[in-house]
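Engineer: What follows is a single structure, and I will ask about it in a moment.
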Amino acid sequence: MPNIVCCFKWVVDEAYIKPSSSGKIDLEWAEHKLSDYDRNAIEEAVRLQEAYGGSVTAVTVAPSDATKGIKDALSRGPEKAYFINDEELENLEPSQTSAMLAQVIGGQIDYDLIICGEGSSDLYAQQVGPRLAEKLGIPCIAFVKKLSIEGQRVIAQRKSDEGVEVVSAPLPALVTVLPDINNPRVPGLKDTLAASKKPVVEISLEDLGTEYPALITDKGLRAASLVRNCTRFGSSPEDLQAFVESIKKTGVIDRG
C-alpha cells in the first residue's frame with residue numbers, strides 16, 4: 001500500500017486582483033485559495049489511496065497565516081499535513097521551495113509517491129516538482145494525464161509535443177499532473193469539520209536550520225493596458241517589415 005505525498009500552494013485568488021483608478025494593484029486585502037493545479041494533485045492522491053490503500057499526506061511551504069490553506073487541503077481527503085511556515089516565507093523562488101520540501105519530505109516522511117500540480121496559479125514556473133525530484137534523487141514524470149500503480153512501479157500517460165507517451169518508473173517517484181487528469185471534489189460541511197481534527201505538523205525555519213533569504217522582490221504591480229492603433233498590414237514580407245518598423249516607433253520593441 002503506497003504512502004503518497006501531495007504538495008500544494010496557497011495563492012492569491014485571481015478574483016480579487018483588481019486595479020485601482022491609477023492602474024496600481026494592491027493585494028493586501030486579497031483573499032487566498034488553494035492553487036487550482038494543486039487541487040488536481042490532491043484529488044489524484046486521494047483517488048489512488050481509494051484504489052490501492054495506503055496513506056495521503058499534504059505538504060506546503062507558506063507564511064504563518066496560511067492556516068486556511070491547511071484546512072482546505074485536509075478537507076479534500078489527506079489524513080495529515082506538514083506545514084512549513086514562517087512570516088518570512090513570501091515570494092519564494094522555486095529553488096527555495098523545492099529545497100525546503102526536500103528537506104522535510106526526505107527527512108521526516110515515509111513516501112512512495114509524490115504528486116505535484118504541473119505549476120502554481122501564481123508563478124506557474126513548473127519547476128518545483130522536477131527540482132524536488134532531483135534533490136531527492138528519484139524519477140520524475142511530468143505533465144501526467146493518467147496515473148496508476150502496478151506493484152512497485154508507477155504507470156503514467158503523459159502529454160508531450162509529439163502526443164501521449166506511456167511511461168513507467170520505479171517507486172519512489174514523483175509526478176506532476178495536468179488539470180485534465182481528474183475533476184477535484186468539492187468538500188462538504190462534514191469534510192470541513194473533519195479537517196479541523198486532523199493532525200498538522202508545523203515546521204519553522206528555525207527547525208530547518210537553514211536560511212532562505214528573499215530572492216524575489218516586488219517593486220510594484222500595475223494592470224496591463226490595451227491600446228489599439230488600428231494599424232493594418234498585409235502578409236507580404238514588405239508589409240510585415242513595415243508593421244515591425246511602426247511598432248519600433250512606438251517603443252513597444254527595441255529599435256535595435
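Letters A, B, ... mark the chains of the C-alpha cells in the order given; residue numbers begin at 1 per chain; ligand numbers begin at 1, in order shown.
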From a backbone DSSP assignment, name each residue in stretch 61-209 of chain A labelled strand (DSSP E or B), as a short mmCIF file (atom, residue, chain, number, x, y, z; two decimals) with C-alpha atoms, in the first residue's frame.
Structural biologist:
data_model
loop_
_atom_site.label_atom_id
_atom_site.label_comp_id
_atom_site.auth_asym_id
_atom_site.auth_seq_id
_atom_site.Cartn_x
_atom_site.Cartn_y
_atom_site.Cartn_z
CA VAL A 61 5.54 25.91 2.32
CA ALA A 62 3.78 29.17 3.22
CA LYS A 80 -2.21 14.58 7.76
CA ALA A 81 -0.39 17.77 6.81
CA TYR A 82 3.11 19.17 7.18
CA PHE A 83 3.07 22.97 7.38
CA ILE A 84 6.49 24.50 6.71
CA ASN A 85 5.83 28.07 7.74
CA LEU A 113 4.91 8.57 -4.49
CA ILE A 114 4.94 12.39 -4.54
CA ILE A 115 2.31 14.23 -6.59
CA CYS A 116 2.56 17.91 -7.55
CA GLY A 117 0.50 20.12 -9.83
CA CYS A 140 10.20 12.41 -12.22
CA ILE A 141 7.39 12.12 -14.76
CA ALA A 142 5.87 15.46 -15.77
CA PHE A 143 2.60 16.51 -17.44
CA VAL A 144 0.73 13.33 -16.49
CA LYS A 145 -2.90 12.91 -17.62
CA LYS A 146 -3.50 9.38 -16.31
CA LEU A 147 -1.87 7.53 -13.43
CA SER A 148 -1.85 4.03 -11.94
CA ILE A 149 0.34 1.86 -9.71
CA GLU A 150 1.39 -1.68 -10.55
CA ARG A 153 6.10 0.85 -10.30
CA VAL A 154 4.04 3.83 -11.34
CA ILE A 155 2.49 3.83 -14.82
CA ALA A 156 1.71 7.22 -16.33
CA GLN A 157 0.30 8.64 -19.53
CA ARG A 158 1.95 12.00 -20.14
CA LYS A 159 1.44 14.65 -22.79
CA SER A 160 4.37 15.61 -24.97
CA GLY A 163 1.39 13.21 -28.50
CA VAL A 164 0.80 10.95 -25.49
CA GLU A 165 3.55 8.78 -24.01
CA VAL A 166 3.13 5.83 -21.65
CA VAL A 167 5.94 5.92 -19.10
CA SER A 168 6.85 3.59 -16.25
CA ALA A 169 9.14 4.37 -13.30
CA PRO A 170 10.10 2.50 -10.11
CA ALA A 173 8.93 8.55 -7.76
CA LEU A 174 7.43 11.98 -8.34
CA VAL A 175 4.80 13.01 -10.90
CA THR A 176 3.35 16.36 -11.88
CA VAL A 177 -0.25 16.14 -13.05
CA VAL A 200 -0.80 19.08 11.40
CA VAL A 201 2.97 19.07 11.90
CA GLU A 202 4.28 22.64 11.94
CA ILE A 203 7.89 23.22 10.95
#
Engineer: Please provide the set of residues having any atom within 9 Å of stretch 207-211 of chain A, restricted to only C-alpha atoms, with same-chain residues fewer than 4 positions apart removed, written as a count of residues only.
Structural biologist: 4
Engineer: Excluding A:Val56 and its own-chain neighbours fewer than 4 positions away, which residues fall within 10 Å of it when counting only C-alpha atoms? Please give them as a ChimeraX atom specification.
Structural biologist: /A:2-6,42,45-49,74,77-81,111,113-114
Engineer: Print the selection's residues with N, CA and C atoms to a file, as a PDB file, in the first residue's frame.
Structural biologist:
ATOM      1  N   PRO A   2       0.725   2.115  -0.983  1.00  0.00           N
ATOM      2  CA  PRO A   2       1.637   3.251  -1.138  1.00  0.00           C
ATOM      3  C   PRO A   2       1.383   4.382  -0.146  1.00  0.00           C
ATOM      4  N   ASN A   3       2.466   4.984   0.306  1.00  0.00           N
ATOM      5  CA  ASN A   3       2.392   6.221   1.079  1.00  0.00           C
ATOM      6  C   ASN A   3       2.569   7.375   0.106  1.00  0.00           C
ATOM      7  N   ILE A   4       1.521   8.169  -0.047  1.00  0.00           N
ATOM      8  CA  ILE A   4       1.501   9.217  -1.069  1.00  0.00           C
ATOM      9  C   ILE A   4       1.605  10.594  -0.416  1.00  0.00           C
ATOM     10  N   VAL A   5       2.457  11.434  -0.985  1.00  0.00           N
ATOM     11  CA  VAL A   5       2.602  12.821  -0.538  1.00  0.00           C
ATOM     12  C   VAL A   5       2.116  13.733  -1.661  1.00  0.00           C
ATOM     13  N   CYS A   6       1.266  14.691  -1.323  1.00  0.00           N
ATOM     14  CA  CYS A   6       0.836  15.679  -2.315  1.00  0.00           C
ATOM     15  C   CYS A   6       1.256  17.067  -1.839  1.00  0.00           C
ATOM     16  N   ILE A  42      -3.981  16.909  -5.219  1.00  0.00           N
ATOM     17  CA  ILE A  42      -4.577  16.329  -4.007  1.00  0.00           C
ATOM     18  C   ILE A  42      -5.639  15.304  -4.373  1.00  0.00           C
ATOM     19  N   ALA A  45      -4.083  12.073  -5.543  1.00  0.00           N
ATOM     20  CA  ALA A  45      -3.506  11.325  -4.421  1.00  0.00           C
ATOM     21  C   ALA A  45      -4.590  10.565  -3.659  1.00  0.00           C
ATOM     22  N   VAL A  46      -5.717  11.224  -3.427  1.00  0.00           N
ATOM     23  CA  VAL A  46      -6.815  10.590  -2.698  1.00  0.00           C
ATOM     24  C   VAL A  46      -7.438   9.471  -3.528  1.00  0.00           C
ATOM     25  N   ARG A  47      -7.566   9.678  -4.830  1.00  0.00           N
ATOM     26  CA  ARG A  47      -8.130   8.624  -5.687  1.00  0.00           C
ATOM     27  C   ARG A  47      -7.232   7.389  -5.704  1.00  0.00           C
ATOM     28  N   LEU A  48      -5.936   7.597  -5.746  1.00  0.00           N
ATOM     29  CA  LEU A  48      -5.016   6.453  -5.712  1.00  0.00           C
ATOM     30  C   LEU A  48      -5.109   5.724  -4.377  1.00  0.00           C
ATOM     31  N   GLN A  49      -5.280   6.467  -3.298  1.00  0.00           N
ATOM     32  CA  GLN A  49      -5.448   5.831  -1.987  1.00  0.00           C
ATOM     33  C   GLN A  49      -6.724   4.997  -1.959  1.00  0.00           C
ATOM     34  N   LEU A  74      -6.762  19.592   3.799  1.00  0.00           N
ATOM     35  CA  LEU A  74      -7.158  18.415   4.579  1.00  0.00           C
ATOM     36  C   LEU A  74      -8.627  18.046   4.363  1.00  0.00           C
ATOM     37  N   GLY A  77      -9.319  15.277   1.654  1.00  0.00           N
ATOM     38  CA  GLY A  77      -9.025  13.854   1.791  1.00  0.00           C
ATOM     39  C   GLY A  77      -7.749  13.434   2.482  1.00  0.00           C
ATOM     40  N   PRO A  78      -6.650  14.223   2.401  1.00  0.00           N
ATOM     41  CA  PRO A  78      -5.425  13.801   3.090  1.00  0.00           C
ATOM     42  C   PRO A  78      -5.650  13.595   4.582  1.00  0.00           C
ATOM     43  N   GLU A  79      -4.882  12.689   5.168  1.00  0.00           N
ATOM     44  CA  GLU A  79      -5.056  12.349   6.578  1.00  0.00           C
ATOM     45  C   GLU A  79      -4.210  13.220   7.502  1.00  0.00           C
ATOM     46  N   LYS A  80      -3.171  13.847   6.939  1.00  0.00           N
ATOM     47  CA  LYS A  80      -2.212  14.578   7.759  1.00  0.00           C
ATOM     48  C   LYS A  80      -1.557  15.658   6.910  1.00  0.00           C
ATOM     49  N   ALA A  81      -1.068  16.707   7.559  1.00  0.00           N
ATOM     50  CA  ALA A  81      -0.391  17.774   6.814  1.00  0.00           C
ATOM     51  C   ALA A  81       0.897  18.174   7.505  1.00  0.00           C
ATOM     52  N   TYR A 111       7.605   7.979   2.221  1.00  0.00           N
ATOM     53  CA  TYR A 111       6.825   8.159   0.998  1.00  0.00           C
ATOM     54  C   TYR A 111       7.212   7.144  -0.071  1.00  0.00           C
ATOM     55  N   LEU A 113       5.273   7.762  -3.322  1.00  0.00           N
ATOM     56  CA  LEU A 113       4.912   8.569  -4.491  1.00  0.00           C
ATOM     57  C   LEU A 113       4.635   9.997  -4.051  1.00  0.00           C
ATOM     58  N   ILE A 114       5.204  10.965  -4.778  1.00  0.00           N
ATOM     59  CA  ILE A 114       4.943  12.387  -4.540  1.00  0.00           C
ATOM     60  C   ILE A 114       4.197  12.934  -5.749  1.00  0.00           C
TER      61      ILE A 114
END
Engineer: Quick one: pull the distance between atom CA of A:Lys18 and atom CA of A:Glu90, Å, one decimal.
Structural biologist: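 Separation between atom CA of A:Lys18 and atom CA of A:Glu90: 20.6 Å.
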Engineer: Between A:Pro130, A:Pro187, A:Gly106, A:Gly54, which has the minimum distance to A:Pro94 (counting only C-alpha atoms)?
Structural biologist: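 Under the stated criterion, the closest residue is A:Pro130.
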Engineer: Could you tell me which of A:Glu14, A:Glu162, A:Glu238, A:Glu44 comes closest to A:Ala30 if we count only C-alpha atoms?
Structural biologist: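 Once distances to A:Ala30 are computed over only C-alpha atoms, the minimum belongs to A:Glu14.
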Engineer: For A:Tyr212, work out the shell of residues within 10 Å, counting only C-alpha atoms and skipping chain neighbours fewer than 2 positions away, then give it as a PyMOL selection string.
Structural biologist: chain A and resi 88-89+92-93+96-97+99-100+205+209-210+214-215
Engineer: Output C-alpha atoms for every residue in the selection just made, as an mmCIF file, in the first residue's frame.
Structural biologist:
data_model
loop_
_atom_site.group_PDB
_atom_site.id
_atom_site.type_symbol
_atom_site.label_atom_id
_atom_site.label_comp_id
_atom_site.auth_asym_id
_atom_site.auth_seq_id
_atom_site.Cartn_x
_atom_site.Cartn_y
_atom_site.Cartn_z
ATOM 1 C CA GLU A 88 9.310 35.485 6.039
ATOM 2 C CA LEU A 89 8.173 32.821 3.587
ATOM 3 C CA LEU A 92 9.821 32.329 -2.624
ATOM 4 C CA GLU A 93 11.786 31.302 -5.691
ATOM 5 C CA GLN A 96 13.938 27.607 -2.336
ATOM 6 C CA THR A 97 10.518 25.967 -2.148
ATOM 7 C CA ALA A 99 14.802 22.750 -1.152
ATOM 8 C CA MET A 100 12.539 23.105 1.888
ATOM 9 C CA LEU A 205 12.750 27.913 9.527
ATOM 10 C CA GLY A 209 18.298 25.200 10.483
ATOM 11 C CA THR A 210 18.784 26.831 7.090
ATOM 12 C CA ALA A 214 14.327 36.539 -0.265
ATOM 13 C CA LEU A 215 15.348 36.204 -3.911
#
Engineer: Could you check the closest approach to A:Thr231 for each of A:Ile105, A:Phe243, A:Lys71, A:Lys198 and tell me which residue wins, using only C-alpha atoms?
Structural biologist: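 Of A:Ile105, A:Phe243, A:Lys71, A:Lys198, the one nearest A:Thr231 is A:Phe243, counting only C-alpha atoms.
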Engineer: State, in Å with one decimal place, the distance from atom CA of A:Glu134 to atom CA of A:Leu101.
Structural biologist: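 These two atoms are separated by 11.8 Å.
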Engineer: When you count only C-alpha atoms, which of these residues is closest to A:Leu189: A:Ser75, A:Tyr52, A:Val11, A:Ser35?
Structural biologist: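 Under the stated criterion, the closest residue is A:Ser75.
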Engineer: Calculate how many Å separate atom CA of A:Asn182 from atom CA of A:Asn40, rounding to one decimal.
Structural biologist: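 Between atom CA of A:Asn182 and atom CA of A:Asn40 the gap works out to 6.4 Å.
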Engineer: Could you pull the residues within 12 Å of A:Tyr16, counting only C-alpha atoms, minus those fewer than 5 positions along the same chain, as a CSV table (one decimal) with C-alpha atoms, in the first residue's frame?
Structural biologist:
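The file below, result.csv, is the result:
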chain,number,residue,atom,x,y,z
A,11,VAL,CA,-2.1,31.6,-3.6
A,25,ILE,CA,-2.8,46.6,-8.0
A,26,ASP,CA,-2.9,46.2,-4.2
A,27,LEU,CA,-3.0,42.6,-3.0
A,28,GLU,CA,-3.0,43.5,0.8
A,29,TRP,CA,-6.7,42.7,1.2
A,30,ALA,CA,-7.0,40.0,-1.4
A,31,GLU,CA,-8.3,36.6,-0.4
A,32,HIS,CA,-6.3,33.5,-1.0
A,33,LYS,CA,-7.2,30.0,-2.3
Engineer: At a cut-off of 12 Å, using only C-alpha atoms, what residues contact A:Ser121? Leave out same-chain residues fewer than 3 positions from it and give the result as a PyMOL selection string.
Structural biologist: chain A and resi 8-14+32-39+117-118+124-126+179
